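**Student:** For reference, the structure I am asking about is given below.
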Amino acid sequence: MNTEYSGIILMYAASVALAIPLGKYIAKVFNGEKTWLNFMAPLERLIFKLSGIDTNKEMNWKQHLKALLTINCLWLFYTFFCLLKQSHLPLNPDGNPDQTPDLAFNTAISFITNTNLQDYSGETGATYYTQLFVFTFLHFVSAATGFAAMMVVFRAMKDKVTDKLGNFWDYFLKSITRVLLPISIVVAVILAFNGTPTSYKGKDTFISMQGDTVHVSRGPAAAMIAIKQVGTNGGGWFGANSAHPLENPNYLTNIVENISIILLPIALVFALGFYLNKKKLAWVIFGVMTTGFLILAYTSINAEVGGSPAMAHLGVSQPGGAMEGKEVRFGAAASAFWGVCTTVTSNGSVNAMHDSMMPMSGVAQMFDMMINAFYGGVGVGYLNFYIFIIIAVFISGLMVGRTPEFMGRKIEAREMKIASLIALLHPFLILVTTAIASYILVHFPTMNWAEKPSAWLNNPGFHGFSEILYQFTSSSANNGSGYEGLGDNSIFWNVSAGVVMFLGRFLPIIGPVAIAGILANKKFVPESAGTLKTDTGTFGVMILAVIIIVAALSFFPALTLGPIAEHFSLK
Amino acid sequence: MKTYLLPSIKITVILLVLLAGLYPLAISAIGKFTPGQGDGETITYKGRVVGYANIGQKFTKDEYFNSRPSAVDYNAAGSAGSNKGPTNPDYLKDVEKRITEFMKHNPGIKRSDIPAELVTASGSGLDPDLSPAGAQVQIARIAHVRGITADQVNNIITDNTEKPLWGIFGPAKVNVLKLNIALDELKKN
């Protein structure tokens, strides 16, 4: 069998095989059962004591959100000022400059929202201090934020009538000490032994065999790269992200990093099943997500392995598929597979340049982010999926004439209003901003800005439009990958994408937590013959239909103008 | 707000120490035991460092295996891809130029013999590898320029071909720097 395909099958199979026990473990941790990492407990108690936190105080959903938003605001200010003044802070061996205010604004929001859109390049736009004490730190805590919000929703589904939904700090810290940090250490060590740098020495210089003087950026990268994958962050150490040969040195590290991308998002689906003791529901959710994932992965792999029709027209051979923007050590198939994994999970790291991929890969990647719930980001993927479940319950309830109920709670007007607003927010943010940017580009191409709109795009025609659409889709989905040809380090892009990332992060956290909190407080209706069953294949099909209708109807016209049009023009 | 702000500040400071201070330091300590001691693995030839094992470098001379085109001219302090889309007409003109150039330097090679990787830029601009086919298509030129036999060049490729991981996962590849060092070694003997 083709070794490129066997590599992909291995990555997916290993991810699922590891995700099931990991999900079980996570459920145990948050059910308060004993696990082998219990030796972390004294450290956690010490941290809580020093922070003056009493984890026995349970919070209602509003208190959870207050705690979550307060600490995120704090990080926003801390991050912004660090980036603005990074050249004056320690650990800057390469002598890199401060970020401009608009870039610092964009970068700060980008890392807090778990997006990691990078309008700077790691080698020149950040220092070792900001790489570690801002980016690595935020990789952990932004993932833990999503994790904690998801735990509130899990908890709300578990208990009978209650407004006590556990303690935010407890969820937050334990997701770091019991899940994110241990997995990151394992991944970082594997990377280090395969050639990813770990030392604090700055740039190196050597003379190449042909006599060129070459400077090599390095740094303690392995630690950051590990959590960048595990926490579905995606913001890399080097500019080229995981395409860089030090960030992702060989096929083995590619397997490990790719598994790390989808491991937790898949595991959390199973964690739900074990936590609520509703394994069938977990399998239904997993089935829906996997169906979507596999269709999109097939689309992209097929396009990349087949090679570029334009290249074929030029007469060269393409035994390895389309190679522009790809690395020989990964090959076309593993690059396409990664591209879909990273966009379904709101990770956003890349091992090949998406801007140079085939248009059908663009369709798959953008569709992944437009749905943003086929596995999804750590914690938030499930929150997005939860919205689709609520809508599906409501619609199918109406269709069959039964009261819409989910987990023994009636879904009523208030919850549906919130769910609908959140479901509409994503297309609203993406399409309105894309329209504004396109309008400016067409009508004011020579506007007197530092970067003229006419210089924004790296490619003409349909592909140029795709660059704009991809940027806002990635921002709103908190993904962070990009069509990097876009000249995005300018005031317009830094600010517009920053605002989109912010709204695209916090509203979709607030909405589901509010719904879950309200539902948890409602009278519990025991299951009866009149209840619509939500853990069946039929209901799975219903959720998939809702997802496709909501996403396809809103986004299809925009996709048609971009990658789909490009696909049909490619000969 | 104050109920949450004070604990937020305290736990942030503690986690900064733990996650941004201690965790990378611990990985760095473990990194000391890796090949390259965590500084990145270098390759020494004739007593001097001629490059990093994992980082591609520019090889354009006819006597060497040429590396892939790079959008950043193999600048290892500023990695990037070209980000050119597949339908971009300027880009396709550039590729056409690279094909013509390659055929000029490799007489007798047909267009259809050139693997796409030799006329397309990599994602990082620092791709250290070629596929075995990407190296083989350069055999005739190198043998001619160096005045050695095609078999000798071919042997170097065979010796340096890295098989797929555990024989079954991922593509086979050859490291261009190692190939070229082997070529220079040959001259010495």
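Letters A, B, ... mark the chains of the structure tokens in the order given; residue numbers begin at 1 per chain; ligand numbers begin at 1, in order shown.
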Within 9 Å of range 158-170 of chain B, counting only C-alpha atoms, which residues qualify if same-chain residues fewer than 4 places away don't, as a PyMOL selection string?

**Tutor:** (chain A and resi 1-8+10+251-252+329-331+333-334) or (chain B and resi 131-132+153-154+174-175+178-179+182)

**Student:** Could you dump the residues just selected with C-alpha atoms as a short mmCIF file (atom, residue, chain, number, x, y, z; two decimals), in the first residue's frame?

**Tutor:**
```cif
data_model
loop_
_atom_site.label_atom_id
_atom_site.label_comp_id
_atom_site.auth_asym_id
_atom_site.auth_seq_id
_atom_site.Cartn_x
_atom_site.Cartn_y
_atom_site.Cartn_z
CA MET A 1 0.00 0.00 0.00
CA ASN A 2 1.05 3.59 -0.63
CA THR A 3 3.12 4.68 2.38
CA GLU A 4 1.60 8.15 2.34
CA TYR A 5 -1.91 6.76 2.88
CA SER A 6 -0.82 4.28 5.53
CA GLY A 7 0.69 7.22 7.45
CA ILE A 8 -2.67 8.98 7.51
CA LEU A 10 -2.07 5.41 11.40
CA TYR A 251 7.62 12.20 9.71
CA LEU A 252 7.57 10.84 13.26
CA ARG A 329 9.38 14.89 4.25
CA PHE A 330 5.60 15.04 4.80
CA GLY A 331 4.30 14.67 1.25
CA ALA A 333 -1.30 13.38 1.63
CA ALA A 334 -0.07 14.12 5.17
CA SER B 131 12.45 12.86 -3.10
CA PRO B 132 14.71 10.16 -4.56
CA VAL B 153 26.30 9.42 -8.28
CA ASN B 154 23.46 6.96 -8.19
CA VAL B 174 17.12 12.23 0.65
CA ASN B 175 18.84 15.01 2.60
CA LYS B 178 24.29 14.92 3.11
CA LEU B 179 24.22 14.07 -0.61
CA ALA B 182 29.10 12.65 -0.05
#
```

**Student:** Residues within 10 Å of range 174-181 of chain A, please, as a CSV table (one decimal) with N, CA and C atoms, in the first residue's frame. Count only C-alpha atoms; anything in the same chain fewer than 6 positions from it doesn't count.

**Tutor:**
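Full text of result_21.csv as output:
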```
chain,number,residue,atom,x,y,z
A,22,LEU,N,-8.3,8.4,27.2
A,22,LEU,CA,-8.1,9.7,27.7
A,22,LEU,C,-9.4,10.4,28.1
A,25,TYR,N,-10.4,9.0,31.4
A,25,TYR,CA,-9.5,9.5,32.4
A,25,TYR,C,-10.0,10.9,32.8
A,26,ILE,N,-10.3,11.8,31.8
A,26,ILE,CA,-10.8,13.1,32.1
A,26,ILE,C,-12.1,13.1,32.9
A,29,VAL,N,-11.2,12.4,36.5
A,29,VAL,CA,-10.6,13.6,37.1
A,29,VAL,C,-11.7,14.5,37.6
A,30,PHE,N,-12.7,14.8,36.7
A,30,PHE,CA,-13.7,15.9,37.1
A,30,PHE,C,-14.9,15.3,37.8
A,35,THR,N,-7.1,9.1,40.2
A,35,THR,CA,-6.4,8.7,39.0
A,35,THR,C,-4.9,8.7,39.4
A,36,TRP,N,-4.1,8.2,38.4
A,36,TRP,CA,-2.7,8.0,38.8
A,36,TRP,C,-1.9,9.4,38.9
A,37,LEU,N,-2.6,10.5,38.4
A,37,LEU,CA,-2.0,11.8,38.6
A,37,LEU,C,-2.4,12.5,39.8
A,38,ASN,N,-2.9,11.7,40.8
A,38,ASN,CA,-3.3,12.3,42.0
A,38,ASN,C,-2.2,13.0,42.8
A,39,PHE,N,-1.0,12.6,42.5
A,39,PHE,CA,0.2,13.2,43.2
A,39,PHE,C,0.3,14.7,42.9
A,40,MET,N,-0.5,15.2,41.9
A,40,MET,CA,-0.6,16.6,41.6
A,40,MET,C,-1.4,17.4,42.7
A,41,ALA,N,-2.2,16.6,43.4
A,41,ALA,CA,-3.2,17.3,44.4
A,41,ALA,C,-2.5,18.2,45.3
A,43,LEU,N,0.2,20.0,45.0
A,43,LEU,CA,0.6,21.2,44.2
A,43,LEU,C,-0.7,22.1,44.0
A,44,GLU,N,-1.8,21.4,43.6
A,44,GLU,CA,-3.0,22.2,43.3
A,44,GLU,C,-3.5,22.9,44.5
A,139,HIS,N,-1.1,29.8,25.7
A,139,HIS,CA,-1.4,28.5,25.1
A,139,HIS,C,-2.1,27.6,26.1
A,140,PHE,N,-1.5,27.6,27.3
A,140,PHE,CA,-2.1,26.8,28.4
A,140,PHE,C,-3.4,27.3,28.9
A,141,VAL,N,-3.4,28.6,29.3
A,141,VAL,CA,-4.5,29.1,30.0
A,141,VAL,C,-5.7,29.4,29.1
A,143,ALA,N,-6.5,27.5,26.5
A,143,ALA,CA,-7.2,26.2,26.4
A,143,ALA,C,-7.9,25.8,27.6
A,144,ALA,N,-7.3,26.1,28.8
A,144,ALA,CA,-7.9,25.8,30.1
A,144,ALA,C,-9.2,26.6,30.3
A,145,THR,N,-9.3,27.8,29.7
A,145,THR,CA,-10.5,28.6,29.8
A,145,THR,C,-11.6,27.9,29.0
A,146,GLY,N,-11.3,27.4,27.8
A,146,GLY,CA,-12.3,26.7,27.0
A,146,GLY,C,-12.8,25.4,27.7
A,147,PHE,N,-11.8,24.8,28.3
A,147,PHE,CA,-12.0,23.5,29.0
A,147,PHE,C,-13.0,23.8,30.2
A,148,ALA,N,-12.7,24.8,31.0
A,148,ALA,CA,-13.5,25.1,32.2
A,148,ALA,C,-14.9,25.5,31.8
A,151,MET,N,-16.7,22.4,31.0
A,151,MET,CA,-17.0,21.6,32.2
A,151,MET,C,-18.3,22.2,32.9
A,187,VAL,N,4.9,15.2,24.7
A,187,VAL,CA,5.1,15.7,23.3
A,187,VAL,C,6.4,16.5,23.1
A,226,ALA,N,4.7,21.9,21.8
A,226,ALA,CA,3.9,20.8,22.3
A,226,ALA,C,2.5,21.4,22.7
A,227,ILE,N,2.5,22.4,23.5
A,227,ILE,CA,1.2,22.9,24.0
A,227,ILE,C,0.4,23.6,22.9
A,230,VAL,N,-1.4,20.6,21.6
A,230,VAL,CA,-2.3,19.9,22.5
A,230,VAL,C,-3.5,20.8,22.9
A,231,GLY,N,-3.2,22.1,23.0
A,231,GLY,CA,-4.3,23.0,23.4
A,231,GLY,C,-5.1,23.6,22.3
A,264,LEU,N,-7.2,15.8,22.0
A,264,LEU,CA,-8.1,16.3,23.1
A,264,LEU,C,-9.5,16.6,22.5
B,15,LEU,N,1.0,30.7,37.8
B,15,LEU,CA,1.0,29.9,36.6
B,15,LEU,C,2.1,30.4,35.6
B,19,LEU,N,4.3,27.6,34.2
B,19,LEU,CA,4.1,27.2,32.8
B,19,LEU,C,5.1,27.9,31.8
B,23,TYR,N,8.4,24.9,33.3
B,23,TYR,CA,8.2,23.9,32.2
B,23,TYR,C,9.2,24.0,31.1
```

**Student:** Please list as a list in words every residue within 10 Å of Gln138 in chain B, counting only C-alpha atoms and excluding residues in the same chain fewer than 5 positions away.

**Tutor:**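 Result of the neighbour search: Asp62, Glu63, Tyr64, Phe65, Asn66, Phe102, His105, Asn106, Ile109, Ile114, Ala133, Ala143, Ala150, Val153 and Asn154 of chain B.
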
**Student:** Create the file for the chosen residues now, containing C-alpha atoms and written as a CSV table (one decimal), in the first residue's frame.

**Tutor:**
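out.csv, freshly written:
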```csv
chain,number,residue,atom,x,y,z
B,62,ASP,CA,25.8,22.4,-11.3
B,63,GLU,CA,28.3,20.3,-9.4
B,64,TYR,CA,25.9,19.9,-6.5
B,65,PHE,CA,22.5,18.3,-6.1
B,66,ASN,CA,20.3,21.4,-6.3
B,102,PHE,CA,16.4,23.4,-15.3
B,105,HIS,CA,21.4,23.0,-17.0
B,106,ASN,CA,20.3,19.4,-17.5
B,109,ILE,CA,16.1,15.8,-19.6
B,114,ILE,CA,11.1,16.8,-13.8
B,133,ALA,CA,13.3,11.0,-8.0
B,143,ALA,CA,28.3,13.1,-13.4
B,150,ALA,CA,26.5,8.0,-13.3
B,153,VAL,CA,26.3,9.4,-8.3
B,154,ASN,CA,23.5,7.0,-8.2
```

**Student:** By how many Å are CA of Thr538 in chain A and CA of Ile261 in chain A apart?

**Tutor:**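 So the two atoms, CA of Thr538 in chain A and CA of Ile261 in chain A, lie 29.5 Å apart.
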
**Student:** Between A:Ser110, A:Ser87, A:Ser199, A:Thr534, which is the closest to Ile30 in chain B once you count only C-alpha atoms?

**Tutor:**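 The closest residue to Ile30 in chain B is A:Ser199.
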
**Student:** Write out as a list of chain:residue names which residues come within 10 Å of Ala455 in chain A when counting only C-alpha atoms, dropping same-chain ones fewer than 6 positions away.

**Tutor:**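 The contact residues come out as A:Leu441, A:Pro445, A:Thr446, A:Leu486, A:Gly487.
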